[in-house]
$ cat data.txt   # compact mmCIF, C-alpha atoms
# COMPACT_ATOMS: atom_id res chain seq x y z
CA MET A 1 7.09 25.03 -1.00
CA GLY A 2 9.81 22.40 -1.36
CA PHE A 3 10.47 22.22 2.38
CA ALA A 4 6.75 22.04 3.18
CA LYS A 5 6.21 19.22 0.69
CA LYS A 6 9.13 17.21 2.02
CA ALA A 7 8.05 17.72 5.62
CA TYR A 8 4.49 16.63 4.79
CA CYS A 9 5.73 13.50 2.99
CA ARG A 10 7.99 12.44 5.83
CA ILE A 11 5.31 13.05 8.45
CA PHE A 12 2.82 11.03 6.40
CA GLN A 13 5.35 8.22 6.02
CA GLY A 14 6.07 8.23 9.75
CA ILE A 15 2.37 7.75 10.45
CA MET A 16 2.18 5.02 7.79
CA LYS A 17 5.14 3.23 9.37
CA VAL A 18 3.28 3.01 12.67
CA GLY A 19 0.04 2.06 10.93
CA ASN A 20 1.78 -0.75 9.06
CA TYR A 21 2.30 -2.61 12.31
CA PHE A 22 -1.47 -2.97 12.59
CA MET A 23 -1.97 -4.16 9.01
CA PRO A 24 -2.76 -7.86 8.46
CA TYR A 25 0.22 -8.64 6.21
CA SER A 26 0.52 -12.30 5.35
CA ILE A 27 2.50 -14.59 3.06
CA PRO A 28 0.70 -16.86 0.58
CA GLN A 29 1.21 -20.56 1.01
CA ARG A 30 3.40 -21.92 -1.76
CA ILE A 31 3.29 -24.99 -3.95
CA GLU A 32 6.63 -25.39 -5.70
CA GLY A 33 8.30 -27.67 -8.20
CA ALA A 34 8.03 -28.85 -11.79
CA GLY A 35 4.50 -29.96 -12.64
CA CYS A 36 3.03 -28.80 -9.34
CA VAL A 37 0.22 -26.89 -11.08
CA THR A 38 -1.62 -30.21 -11.54
CA ARG A 39 -1.99 -30.43 -7.75
CA LEU A 40 -3.95 -27.18 -7.60
CA PRO A 41 -7.49 -28.56 -8.25
CA GLU A 42 -7.24 -31.01 -5.36
CA LEU A 43 -5.96 -28.25 -3.09
CA MET A 44 -8.86 -25.99 -4.08
CA GLN A 45 -11.39 -28.72 -3.39
CA LYS A 46 -9.87 -29.36 0.04
CA ASN A 47 -10.41 -25.66 0.73
CA GLY A 48 -14.09 -25.88 -0.17
CA CYS A 49 -14.05 -24.68 -3.78
CA LYS A 50 -17.02 -25.93 -5.84
CA ARG A 51 -16.39 -24.05 -9.08
CA ALA A 52 -13.31 -22.10 -10.23
CA PHE A 53 -13.21 -18.88 -12.22
CA VAL A 54 -10.00 -18.97 -14.29
CA VAL A 55 -8.62 -15.58 -15.39
CA THR A 56 -6.00 -15.61 -18.15
CA ASP A 57 -5.27 -14.24 -21.63
CA GLN A 58 -5.78 -15.61 -25.12
CA GLY A 59 -2.06 -15.82 -25.83
CA LEU A 60 -1.54 -18.36 -23.06
CA MET A 61 -4.59 -20.28 -24.21
CA LYS A 62 -3.30 -20.47 -27.77
CA ILE A 63 0.06 -21.94 -26.77
CA GLY A 64 -1.65 -24.48 -24.50
CA LEU A 65 -0.04 -23.36 -21.25
CA LEU A 66 -3.24 -23.96 -19.29
CA ASP A 67 -3.82 -27.45 -20.69
CA SER A 68 -2.26 -29.41 -17.83
CA MET A 69 -4.13 -27.45 -15.15
CA LEU A 70 -7.48 -27.61 -16.94
CA ALA A 71 -7.02 -31.34 -17.56
CA ALA A 72 -6.29 -31.80 -13.85
CA MET A 73 -9.49 -29.91 -13.02
CA ASP A 74 -11.43 -32.24 -15.32
CA ARG A 75 -9.89 -35.30 -13.66
CA ALA A 76 -10.68 -33.97 -10.22
CA GLY A 77 -14.26 -33.16 -11.18
CA LEU A 78 -13.80 -29.46 -10.47
CA PRO A 79 -15.92 -27.42 -12.90
CA TYR A 80 -14.59 -24.06 -14.06
CA THR A 81 -15.49 -20.97 -16.04
CA LEU A 82 -12.80 -19.51 -18.28
CA PHE A 83 -12.28 -15.77 -18.76
CA ASP A 84 -9.45 -15.38 -21.27
CA GLN A 85 -10.05 -11.79 -22.43
CA VAL A 86 -7.40 -10.09 -20.30
CA ALA A 87 -5.64 -7.27 -22.15
CA PRO A 88 -1.85 -6.74 -21.93
CA ASN A 89 -2.41 -3.71 -19.67
CA PRO A 90 -5.84 -4.39 -18.13
CA THR A 91 -8.24 -1.47 -18.04
CA ASP A 92 -11.27 -0.79 -15.88
CA THR A 93 -13.38 -1.81 -18.88
CA ASN A 94 -11.56 -5.14 -19.00
CA VAL A 95 -12.13 -5.68 -15.27
CA GLU A 96 -15.83 -4.84 -15.59
CA GLU A 97 -16.19 -7.41 -18.38
CA GLY A 98 -14.58 -10.05 -16.18
CA PHE A 99 -16.69 -9.02 -13.20
CA ARG A 100 -19.91 -9.47 -15.17
CA SER A 101 -18.72 -12.90 -16.29
CA PHE A 102 -17.87 -13.85 -12.70
CA LEU A 103 -21.29 -12.77 -11.41
CA GLY A 104 -23.04 -15.07 -13.86
CA SER A 105 -20.72 -18.02 -13.39
CA GLY A 106 -21.65 -19.32 -9.95
CA CYS A 107 -17.95 -19.60 -9.10
CA ASP A 108 -16.69 -19.35 -5.53
CA ALA A 109 -12.92 -18.98 -6.12
CA ILE A 110 -10.64 -17.28 -8.64
CA VAL A 111 -7.51 -18.68 -10.29
CA ALA A 112 -5.23 -15.98 -11.73
CA PHE A 113 -3.11 -17.69 -14.39
CA GLY A 114 -0.43 -15.72 -16.25
CA GLY A 115 1.82 -12.72 -15.84
CA GLY A 116 1.10 -9.42 -14.17
CA SER A 117 -1.88 -8.56 -16.39
CA PRO A 118 -4.06 -11.61 -15.57
CA MET A 119 -3.03 -11.29 -11.91
CA ASP A 120 -4.04 -7.63 -11.75
CA CYS A 121 -7.26 -8.22 -13.67
CA ALA A 122 -8.20 -11.13 -11.39
CA LYS A 123 -7.59 -9.01 -8.30
CA GLY A 124 -9.65 -6.22 -9.84
CA ILE A 125 -12.51 -8.65 -10.47
CA ALA A 126 -12.30 -9.90 -6.90
CA ALA A 127 -12.28 -6.34 -5.57
CA ARG A 128 -15.33 -5.38 -7.65
CA ASN A 129 -17.14 -8.49 -6.42
CA ALA A 130 -16.43 -7.48 -2.83
CA GLN A 131 -17.52 -3.88 -3.46
CA LYS A 132 -20.25 -4.17 -6.05
CA ARG A 133 -21.27 -0.52 -5.82
CA LYS A 134 -17.80 0.94 -6.32
CA SER A 135 -16.16 1.46 -9.71
CA VAL A 136 -12.55 0.44 -10.31
CA GLU A 137 -11.54 4.10 -10.19
CA LYS A 138 -13.19 4.49 -6.77
CA LEU A 139 -11.30 1.42 -5.52
CA GLN A 140 -7.91 2.73 -6.63
CA GLY A 141 -5.87 4.01 -3.72
CA ILE A 142 -5.11 2.69 -0.26
CA ILE A 143 -7.44 0.27 1.56
CA ARG A 144 -10.67 0.96 -0.30
CA VAL A 145 -11.86 -2.62 -0.73
CA HIS A 146 -12.25 -3.37 2.98
CA LYS A 147 -14.30 -6.51 2.51
CA ARG A 148 -12.91 -10.01 2.24
CA ILE A 149 -12.63 -11.30 -1.33
CA VAL A 150 -13.32 -14.80 -2.64
CA PRO A 151 -10.34 -17.19 -2.34
CA LEU A 152 -7.66 -16.21 -4.85
CA TYR A 153 -5.09 -18.70 -6.21
CA ALA A 154 -2.18 -17.27 -8.20
CA VAL A 155 -0.31 -19.21 -10.89
CA PRO A 156 2.49 -17.01 -12.31
CA THR A 157 3.84 -17.80 -15.76
CA THR A 158 6.58 -15.17 -15.58
CA ALA A 159 9.17 -14.51 -12.90
CA GLY A 160 8.99 -10.82 -12.24
CA THR A 161 5.78 -9.10 -11.21
CA GLY A 162 5.52 -10.81 -7.84
CA SER A 163 1.76 -10.30 -8.08
CA GLU A 164 1.27 -13.72 -6.52
CA THR A 165 2.38 -12.21 -3.20
CA THR A 166 1.31 -8.57 -3.34
CA VAL A 167 -1.72 -6.57 -2.20
CA ALA A 168 -1.83 -4.45 -5.35
CA ALA A 169 -3.71 -4.55 -8.66
CA VAL A 170 -2.53 -2.07 -11.28
CA ILE A 171 -5.38 -1.05 -13.58
CA THR A 172 -5.51 1.59 -16.33
CA ILE A 173 -8.58 3.80 -16.57
CA ALA A 174 -9.57 3.51 -20.23
CA GLY A 175 -10.95 7.02 -20.58
CA THR A 176 -7.83 8.84 -19.33
CA HIS A 177 -5.03 6.24 -19.80
CA HIS A 178 -4.12 6.84 -16.15
CA LYS A 179 -2.54 3.75 -14.62
CA ALA A 180 -2.99 3.37 -10.86
CA SER A 181 -3.21 0.69 -8.16
CA ILE A 182 -5.87 -0.79 -5.96
CA ASN A 183 -3.94 -1.44 -2.73
CA ASP A 184 -5.54 -3.50 0.01
CA PRO A 185 -4.30 -6.44 2.14
CA VAL A 186 -7.45 -8.39 1.26
CA LEU A 187 -6.08 -8.78 -2.30
CA MET A 188 -3.22 -11.01 -1.15
CA PRO A 189 -3.64 -14.44 -2.83
CA ARG A 190 -4.07 -17.37 -0.46
CA PHE A 191 -1.85 -19.69 -2.48
CA ALA A 192 0.94 -19.20 -5.02
CA VAL A 193 1.79 -22.00 -7.45
CA LEU A 194 5.45 -21.73 -8.50
CA ASP A 195 5.82 -24.24 -11.32
CA PRO A 196 9.02 -23.59 -13.34
CA GLU A 197 7.71 -25.61 -16.27
CA LEU A 198 5.19 -22.82 -16.92
CA THR A 199 8.01 -20.35 -17.56
CA LYS A 200 10.16 -22.55 -19.84
CA GLY A 201 8.64 -21.18 -23.02
CA LEU A 202 9.09 -17.51 -22.18
CA PRO A 203 10.85 -15.57 -24.95
CA PRO A 204 14.26 -14.21 -23.87
CA PHE A 205 12.97 -10.63 -23.97
CA ILE A 206 10.15 -11.42 -21.53
CA THR A 207 12.53 -13.35 -19.29
CA ALA A 208 14.83 -10.33 -19.24
CA THR A 209 12.28 -7.62 -18.58
CA THR A 210 10.24 -9.53 -16.00
CA GLY A 211 13.45 -10.48 -14.19
CA MET A 212 14.51 -6.84 -14.07
CA ASP A 213 11.05 -5.95 -12.80
CA ALA A 214 11.65 -8.30 -9.85
CA LEU A 215 15.04 -6.69 -9.27
CA CYS A 216 13.41 -3.27 -9.26
CA HIS A 217 10.89 -4.41 -6.63
CA ALA A 218 13.65 -5.64 -4.35
CA VAL A 219 15.95 -2.65 -4.85
CA GLU A 220 13.26 -0.01 -4.41
CA SER A 221 11.87 -1.72 -1.32
CA TYR A 222 15.32 -2.05 0.24
CA THR A 223 16.50 1.46 -0.56
CA ASN A 224 13.22 2.91 0.75
CA GLY A 225 13.76 1.17 4.06
CA THR A 226 11.23 3.12 6.13
CA TYR A 227 8.32 0.66 6.14
CA CYS A 228 10.40 -2.52 6.01
CA THR A 229 10.85 -4.89 8.91
CA SER A 230 13.74 -7.34 9.05
CA LEU A 231 11.59 -9.79 7.06
CA GLU A 232 11.19 -7.45 4.06
CA LYS A 233 14.87 -6.51 4.13
CA ASP A 234 15.88 -10.16 4.22
CA TYR A 235 13.52 -11.02 1.37
CA ALA A 236 14.89 -8.14 -0.72
CA LYS A 237 18.45 -9.35 -0.22
CA LYS A 238 17.52 -12.93 -1.08
CA ALA A 239 15.79 -11.74 -4.25
CA VAL A 240 18.75 -9.61 -5.36
CA ARG A 241 21.19 -12.47 -4.83
CA LEU A 242 19.02 -14.93 -6.75
CA ILE A 243 18.57 -12.50 -9.65
CA HIS A 244 22.30 -11.77 -9.71
CA ASP A 245 23.08 -15.49 -9.90
CA TRP A 246 20.29 -16.79 -12.13
CA LEU A 247 18.64 -14.18 -14.37
CA TYR A 248 21.18 -14.25 -17.18
CA LYS A 249 21.27 -18.07 -17.07
CA ALA A 250 17.48 -18.17 -17.49
CA TYR A 251 17.80 -15.63 -20.32
CA VAL A 252 20.33 -17.65 -22.33
CA ASP A 253 18.79 -21.07 -21.62
CA GLY A 254 15.05 -21.01 -21.12
CA SER A 255 14.97 -24.76 -20.47
CA ASP A 256 17.17 -24.49 -17.36
CA LEU A 257 14.60 -25.45 -14.72
CA GLU A 258 16.92 -24.61 -11.83
CA ALA A 259 17.33 -21.09 -13.17
CA ARG A 260 13.59 -20.80 -13.81
CA GLN A 261 12.71 -22.00 -10.29
CA SER A 262 15.26 -19.66 -8.74
CA MET A 263 13.81 -16.71 -10.63
CA GLN A 264 10.30 -17.61 -9.49
CA GLN A 265 11.55 -17.64 -5.91
CA ALA A 266 13.24 -14.28 -6.48
CA ALA A 267 10.03 -12.75 -7.83
CA PHE A 268 8.11 -14.12 -4.84
CA TYR A 269 10.59 -12.70 -2.32
CA ALA A 270 10.78 -9.34 -4.08
CA GLY A 271 7.00 -9.13 -4.34
CA ARG A 272 6.53 -9.78 -0.64
CA SER A 273 9.25 -7.25 0.17
CA PHE A 274 7.70 -4.35 -1.71
CA THR A 275 4.21 -5.25 -0.52
CA ARG A 276 5.18 -3.58 2.73
CA GLY A 277 8.31 -1.67 1.75
CA CYS A 278 6.69 -0.01 -1.31
CA VAL A 279 8.31 0.89 -4.61
CA GLY A 280 9.48 4.35 -5.68
CA TYR A 281 10.05 6.74 -8.53
CA VAL A 282 11.04 4.00 -10.98
CA HIS A 283 7.54 2.60 -10.75
CA ALA A 284 5.84 5.98 -10.51
CA VAL A 285 7.34 7.15 -13.80
CA GLY A 286 7.19 3.71 -15.41
CA HIS A 287 3.46 3.41 -14.83
CA THR A 288 2.89 6.63 -16.78
CA LEU A 289 4.77 5.25 -19.78
CA GLY A 290 2.67 2.09 -19.68
CA GLY A 291 -0.56 4.06 -19.49
CA LEU A 292 0.28 6.67 -22.15
CA TYR A 293 2.30 4.64 -24.64
CA GLY A 294 1.77 0.97 -23.81
CA VAL A 295 5.42 0.46 -22.79
CA PRO A 296 5.67 -3.02 -21.22
CA HIS A 297 6.02 -2.63 -17.47
CA GLY A 298 9.16 -4.75 -17.10
CA LEU A 299 10.87 -2.89 -19.93
CA ALA A 300 10.12 0.45 -18.27
CA MET A 301 11.59 -0.84 -14.99
CA SER A 302 14.71 -2.15 -16.73
CA VAL A 303 15.49 1.18 -18.38
CA ILE A 304 14.54 3.56 -15.58
CA LEU A 305 16.07 1.76 -12.56
CA PRO A 306 19.77 2.60 -13.06
CA HIS A 307 18.94 6.21 -14.00
CA VAL A 308 16.98 6.74 -10.78
CA LEU A 309 19.70 5.15 -8.66
CA ARG A 310 22.36 7.40 -10.20
CA GLN A 311 20.18 10.46 -9.70
CA TYR A 312 19.74 9.62 -6.00
CA GLY A 313 23.51 9.85 -5.62
CA THR A 314 24.96 9.59 -2.12
CA SER A 315 21.55 9.33 -0.42
CA VAL A 316 21.26 5.74 -1.56
CA CYS A 317 24.90 4.61 -1.39
CA PRO A 318 24.84 2.84 2.01
CA ARG A 319 21.90 0.60 1.11
CA LEU A 320 23.14 -0.10 -2.42
CA ALA A 321 26.48 -1.10 -0.92
CA GLU A 322 24.69 -3.62 1.29
CA LEU A 323 22.93 -5.12 -1.72
CA ALA A 324 26.23 -5.21 -3.58
CA GLU A 325 27.74 -7.22 -0.74
CA CYS A 326 24.98 -9.81 -1.18
CA CYS A 327 26.28 -10.29 -4.71
CA GLY A 328 29.91 -10.65 -3.66
CA MET A 329 30.99 -7.14 -4.67
CA THR A 330 33.80 -5.54 -2.68
CA GLY A 331 35.39 -2.13 -2.14
CA SER A 332 34.53 1.05 -0.30
CA GLN A 333 30.89 1.94 0.28
CA ASN A 334 30.81 4.23 -2.76
CA GLU A 335 32.69 1.70 -4.89
CA LYS A 336 30.25 -1.09 -4.01
CA ALA A 337 27.26 1.13 -4.78
CA GLU A 338 28.80 2.09 -8.13
CA LYS A 339 29.56 -1.55 -8.95
CA PHE A 340 25.96 -2.48 -8.20
CA ILE A 341 24.57 0.11 -10.64
CA ASP A 342 27.21 -0.88 -13.21
CA TRP A 343 26.07 -4.49 -12.87
CA ILE A 344 22.45 -3.50 -13.57
CA GLU A 345 23.48 -1.58 -16.68
CA GLU A 346 25.75 -4.38 -17.88
CA THR A 347 22.98 -6.94 -17.36
CA ASN A 348 20.63 -4.79 -19.42
CA ARG A 349 23.21 -4.55 -22.20
CA SER A 350 23.91 -8.28 -22.15
CA MET A 351 20.20 -8.94 -22.57
CA GLN A 352 19.98 -6.38 -25.41
CA LEU A 353 17.64 -4.01 -23.59
CA PRO A 354 17.50 -0.33 -24.60
CA THR A 355 18.78 2.60 -22.55
CA GLY A 356 15.84 4.94 -23.19
CA PHE A 357 12.56 5.54 -25.01
CA ASP A 358 11.77 7.47 -28.18
CA CYS A 359 8.01 7.48 -27.52
CA ILE A 360 7.99 10.25 -24.89
CA ARG A 361 6.44 13.38 -26.37
CA GLU A 362 7.35 16.82 -25.08
CA LYS A 363 3.70 17.78 -24.72
CA ASP A 364 3.09 14.79 -22.43
CA ILE A 365 5.90 15.51 -19.98
CA PRO A 366 3.86 17.78 -17.65
CA GLN A 367 1.21 15.03 -17.43
CA ILE A 368 3.86 12.37 -16.78
CA ILE A 369 5.26 14.46 -13.94
CA ARG A 370 1.84 15.13 -12.40
CA TRP A 371 0.85 11.46 -12.46
CA ALA A 372 4.21 10.24 -11.17
CA ASP A 373 4.26 12.80 -8.38
CA LYS A 374 0.69 11.96 -7.38
CA GLU A 375 1.44 8.23 -7.26
CA ALA A 376 4.69 8.49 -5.33
CA ASN A 377 4.20 11.37 -2.92
CA PRO A 378 3.52 11.14 -0.05
CA LEU A 379 3.08 7.33 0.02
CA TYR A 380 6.43 5.99 -1.23
CA PRO A 381 9.21 6.47 1.37
CA THR A 382 11.88 7.17 -1.24
CA PRO A 383 15.45 8.11 -0.23
CA GLU A 384 14.77 11.64 -1.51
CA ILE A 385 11.55 13.58 -2.04
CA TRP A 386 11.49 14.77 -5.64
CA GLU A 387 9.94 17.90 -7.05
CA GLU A 388 9.00 18.78 -10.61
CA LYS A 389 12.57 19.63 -11.63
CA ASP A 390 13.81 16.24 -10.40
CA PHE A 391 11.20 14.34 -12.40
CA ARG A 392 12.06 16.47 -15.41
CA LYS A 393 15.74 15.63 -15.02
CA LEU A 394 14.96 11.91 -15.01
CA ILE A 395 12.69 12.14 -18.04
CA ASP A 396 15.38 14.02 -19.96
CA ARG A 397 17.77 11.16 -19.17
CA ILE A 398 15.49 8.39 -20.39
CA ARG A 399 14.02 10.22 -23.37
CA LEU A 400 15.60 9.45 -26.73
CA THR A 401 15.08 12.21 -29.28

$ encode --input "data.txt" --output "structure tokens"
Amino acid sequence: MGFAKKAYCRIFQGIMKVGNYFMPYSIPQRIEGAGCVTRLPELMQKNGCKRAFVVTDQGLMKIGLLDSMLAAMDRAGLPYTLFDQVAPNPTDTNVEEGFRSFLGSGCDAIVAFGGGSPMDCAKGIAARNAQKRKSVEKLQGIIRVHKRIVPLYAVPTTAGTGSETTVAAVITIAGTHHKASINDPVLMPRFAVLDPELTKGLPPFITATTGMDALCHAVESYTNGTYCTSLEKDYAKKAVRLIHDWLYKAYVDGSDLEARQSMQQAAFYAGRSFTRGCVGYVHAVGHTLGGLYGVPHGLAMSVILPHVLRQYGTSVCPRLAELAECCGMTGSQNEKAEKFIDWIEETNRSMQLPTGFDCIREKDIPQIIRWADKEANPLYPTPEIWEEKDFRKLIDRIRLT
């Protein structure tokens, strides 16, 4: 059974690799620099937008993070409808609520303003608008939207998810707590607004976990390798180097705009890299913890990443060594790979992140394994194909009892 499963996965991935060359991958146009979010309304109007549908959450509204953009919309005479009911881990119910609001708004473009949750919810709303007869659950999977969505403008307020340059929207099904992605190239935003001033007020914990999320995107994409072209590999390396040089600086000094801008660039590069290169078992297991227990996505990535890399062992050493070289690490191939994992663990410790989770219940482990296996295999071209015992080994490592 193990050989058959592995053979099937690799054959599937070989077909996907060929198919990827026919996919319309693109890169969002970027607006960068402090205060650049105020230029967005004029840009939208130049692109034919008559009314904007702004998707965000109440937390960002309360701290006034949208004030400068909304004021710029008022000055430009661009009317908008605000949907600020996005939940921390958006569900299909949340998306449906936003979709109903969009239908009645008369808007012809969507602005996703916030972290991964508003981005995912906005993409879900756009997907439902394109496929009005399909539920969110029916849209989850690979290329099930098909139709072109309304113009989507992404304004990230964290530096981690990379959602401003991905084709995925991660949505939890409320009835089952199963977290899964809608994956379709049509969900790629047209523009990404990288304004470091929007990330200045992030708490250190959010800076840490979202930054490690970006690192996970780059590392998983690069160590997968199969689907990547030279562009994705280059972007992954650039992201890793930027995170190595700037994440801790952004963590200790949130007002450092150079560090904030560098981390936004890293998240953008990493997001574009895994859009084609895919993620792996870190994400597959992490998504289950978010769906079952509400574990923040970035925190799950932070904790699980070094454990998965160590469990891969020698199968991942050559590519980890190459990433280590990007960060100035030296030694033999094995030594560089080990130094790279050590650096991840040390960075986690320096940012006071945990090493495991005490929320994982024994009775849930079979479900965690089933969901993780279903998400990852056969799609993710991971260095190794895991079976139930491998997932169980990882869960035992990250579970605090």

$ residues_around --input "data.txt" --residues "Leu70 (chain A)" --least-positions-apart "4" --cutoff "9 Å" --atoms "all atoms listed in the file" --output "number ranges by chain"
A: 38, 41, 66, 74-75, 80

$ closest_atom_pairs --input "data.txt" --of "region 331-377 of chain A" --to "region 141-160 of chain A" --cutoff "12 Å" --atoms "all atoms listed in the file" --output "tab-separated table"
residue	atom	partner	partner_atom	distance
A:Lys374	CA	A:Gly141	CA	10.9
A:Glu375	CA	A:Gly141	CA	9.2
A:Ala376	CA	A:Gly141	CA	11.6

$ atom_distance --input "data.txt" --atom1 "CA of Arg276 (chain A)" --atom2 "CA of Ile395 (chain A)"
27.1 Å

$ closest_residue --input "data.txt" --among "A:Gly277, A:Pro196, A:Gly98, A:Gly225" --to "Gly254 (chain A)" --atoms "only C-alpha atoms"
A:Pro196

$ closest_residue --input "data.txt" --among "A:Tyr281, A:Tyr269, A:Trp246, A:Trp371" --to "Thr347 (chain A)" --atoms "all atoms listed in the file"
A:Trp246
